[in-house]
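Take a look at the structure below.
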Amino acid sequence: MSALALAALVLVCIWLGVLTLVVVLLVRQIGLLTVRLSVAGEATSLDDDGPEVGSSVPKDVALELPDHAEEHAYVLLISSSCTPCWELVADLGERRFEQKILALVPGREELASELAALLPSGMRVVLDPEATRLAGALQLESTPFVLEIEHRTVTRKAYLHEGASDLIGFVESENAPAETKRFVEITEKEEIEGR
């Protein structure tokens, strides 16, 4: 066999090796996308996250509300491992809220304490392990998430897509219609089913 034929054979083998590698990587990527899409399809719907609107707040959560807020309060769930939560808190800066807000901050102690220190003064903050227990009692899984509570009953809830601006809009628009807001808010069950 001549040197030219041998070189051609080597090039063909290298080319087949590269093509095989590309096919293996493509199959892997397709597999990853398939898994991600199936997990996304099974993810908890925002409608199902947290307590139902109109339901009573668990007693242990009600006891943690600022001044045992009998009339109006908010519960904010932010996690120390959630990048949008850090952005939300950073965007709040020194903002003060007139409303009573309970911030649940689950996560590793050091990070949760750091995140809690950035929250505006006046918010009541609960860290782990109590924060995780209270979030579990409220059946909250998504972060950042906020609940509005009146007379120990959940009246509204929302996932805060746009961070601080959504939180500010949510707590300052107590009775504004859901259609005028940019954040995803769940109000009455009938409205959810009608969407």
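Chain lettering (A, B, ...) mirrors the order of the structure tokens, residue numbering begins at 1 for each chain separately, and ligand numbering begins at 1 in order of display.
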DSSP-assigned alpha helix (DSSP H) among range 43-103 of chain A, expressed as a VMD selection string: chain A and resid 59 to 64 83 to 92
Using the selection just defined, write its residues with N, CA and C atoms as a tab-separated table (two decimals), in the first residue's frame.
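Heads up, here's the output in out_4.tsv:
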chain	number	residue	atom	x	y	z
A	59	LYS	N	-52.10	27.83	61.99
A	59	LYS	CA	-51.96	28.55	63.26
A	59	LYS	C	-50.52	28.93	63.57
A	60	ASP	N	-49.56	28.01	63.31
A	60	ASP	CA	-48.16	28.33	63.61
A	60	ASP	C	-47.63	29.47	62.73
A	61	VAL	N	-48.15	29.61	61.52
A	61	VAL	CA	-47.77	30.73	60.66
A	61	VAL	C	-48.40	32.01	61.17
A	62	ALA	N	-49.67	31.94	61.55
A	62	ALA	CA	-50.37	33.13	62.06
A	62	ALA	C	-49.67	33.69	63.30
A	63	LEU	N	-49.12	32.81	64.12
A	63	LEU	CA	-48.42	33.27	65.32
A	63	LEU	C	-47.13	34.01	64.99
A	64	GLU	N	-46.55	33.74	63.83
A	64	GLU	CA	-45.30	34.38	63.42
A	64	GLU	C	-45.53	35.71	62.70
A	83	THR	N	-31.19	33.10	42.91
A	83	THR	CA	-30.61	34.32	42.34
A	83	THR	C	-31.66	35.44	42.19
A	84	PRO	N	-32.88	35.15	41.68
A	84	PRO	CA	-33.87	36.23	41.61
A	84	PRO	C	-34.21	36.81	42.99
A	85	CYS	N	-34.11	36.00	44.04
A	85	CYS	CA	-34.38	36.50	45.39
A	85	CYS	C	-33.32	37.52	45.82
A	86	TRP	N	-32.05	37.22	45.52
A	86	TRP	CA	-30.97	38.15	45.83
A	86	TRP	C	-31.16	39.46	45.06
A	87	GLU	N	-31.55	39.35	43.80
A	87	GLU	CA	-31.78	40.54	42.99
A	87	GLU	C	-32.94	41.36	43.55
A	88	LEU	N	-34.01	40.68	43.96
A	88	LEU	CA	-35.17	41.35	44.54
A	88	LEU	C	-34.75	42.14	45.77
A	89	VAL	N	-34.03	41.51	46.67
A	89	VAL	CA	-33.62	42.16	47.92
A	89	VAL	C	-32.67	43.32	47.63
A	90	ALA	N	-31.74	43.13	46.69
A	90	ALA	CA	-30.81	44.22	46.34
A	90	ALA	C	-31.57	45.41	45.76
A	91	ASP	N	-32.59	45.14	44.95
A	91	ASP	CA	-33.37	46.23	44.35
A	91	ASP	C	-34.24	46.97	45.36
A	92	LEU	N	-34.58	46.31	46.45
A	92	LEU	CA	-35.39	46.97	47.48
A	92	LEU	C	-34.59	48.07	48.17
Gly50 in chain A surroundings by only C-alpha atoms, 6 Å radius, close-in-sequence under 5 positions cut, as a PyMOL selection string: chain A and resi 138-140
Residue with smallest distance to Ser79 in chain A - pool A:Glu52, A:Pro144, A:Arg36, A:Arg96, counting only C-alpha atoms: A:Pro144
Surrounding residues of range 124-126 of chain A excluding itself and chain neighbours under 5 positions, 9 Å, only C-alpha atoms, as a PDB file with N, CA and C atoms, in the first residue's frame:
ATOM      1  N   GLU A  64     -46.549  33.737  63.828  1.00  0.00           N
ATOM      2  CA  GLU A  64     -45.301  34.381  63.417  1.00  0.00           C
ATOM      3  C   GLU A  64     -45.530  35.706  62.705  1.00  0.00           C
ATOM      4  N   LEU A  65     -46.756  35.980  62.280  1.00  0.00           N
ATOM      5  CA  LEU A  65     -47.027  37.230  61.570  1.00  0.00           C
ATOM      6  C   LEU A  65     -46.702  38.416  62.460  1.00  0.00           C
ATOM      7  N   PRO A  66     -46.203  39.512  61.873  1.00  0.00           N
ATOM      8  CA  PRO A  66     -45.857  40.689  62.674  1.00  0.00           C
ATOM      9  C   PRO A  66     -47.026  41.135  63.534  1.00  0.00           C
ATOM     10  N   LYS A 100     -47.270  45.257  57.009  1.00  0.00           N
ATOM     11  CA  LYS A 100     -46.595  44.272  57.861  1.00  0.00           C
ATOM     12  C   LYS A 100     -46.183  43.092  56.988  1.00  0.00           C
ATOM     13  N   ILE A 101     -44.875  42.827  56.937  1.00  0.00           N
ATOM     14  CA  ILE A 101     -44.353  41.763  56.072  1.00  0.00           C
ATOM     15  C   ILE A 101     -43.508  40.800  56.899  1.00  0.00           C
ATOM     16  N   LEU A 102     -43.824  39.516  56.745  1.00  0.00           N
ATOM     17  CA  LEU A 102     -43.043  38.439  57.348  1.00  0.00           C
ATOM     18  C   LEU A 102     -42.211  37.821  56.230  1.00  0.00           C
ATOM     19  N   ALA A 103     -40.887  37.861  56.357  1.00  0.00           N
ATOM     20  CA  ALA A 103     -39.991  37.292  55.340  1.00  0.00           C
ATOM     21  C   ALA A 103     -39.458  35.949  55.835  1.00  0.00           C
ATOM     22  N   LEU A 104     -39.755  34.899  55.084  1.00  0.00           N
ATOM     23  CA  LEU A 104     -39.223  33.572  55.379  1.00  0.00           C
ATOM     24  C   LEU A 104     -37.989  33.390  54.502  1.00  0.00           C
ATOM     25  N   VAL A 105     -36.834  33.114  55.134  1.00  0.00           N
ATOM     26  CA  VAL A 105     -35.573  33.012  54.401  1.00  0.00           C
ATOM     27  C   VAL A 105     -34.920  31.665  54.707  1.00  0.00           C
ATOM     28  N   PRO A 106     -35.338  30.608  53.990  1.00  0.00           N
ATOM     29  CA  PRO A 106     -34.689  29.310  54.209  1.00  0.00           C
ATOM     30  C   PRO A 106     -33.340  29.249  53.490  1.00  0.00           C
ATOM     31  N   ALA A 116     -30.947  38.107  54.707  1.00  0.00           N
ATOM     32  CA  ALA A 116     -31.857  38.747  55.656  1.00  0.00           C
ATOM     33  C   ALA A 116     -31.346  40.126  56.072  1.00  0.00           C
ATOM     34  N   LEU A 119     -32.492  42.896  53.779  1.00  0.00           N
ATOM     35  CA  LEU A 119     -33.913  43.253  53.745  1.00  0.00           C
ATOM     36  C   LEU A 119     -34.150  44.587  54.445  1.00  0.00           C
ATOM     37  N   ALA A 131     -37.962  28.760  59.098  1.00  0.00           N
ATOM     38  CA  ALA A 131     -38.444  29.267  57.804  1.00  0.00           C
ATOM     39  C   ALA A 131     -38.878  28.126  56.898  1.00  0.00           C
TER      40      ALA A 131
END
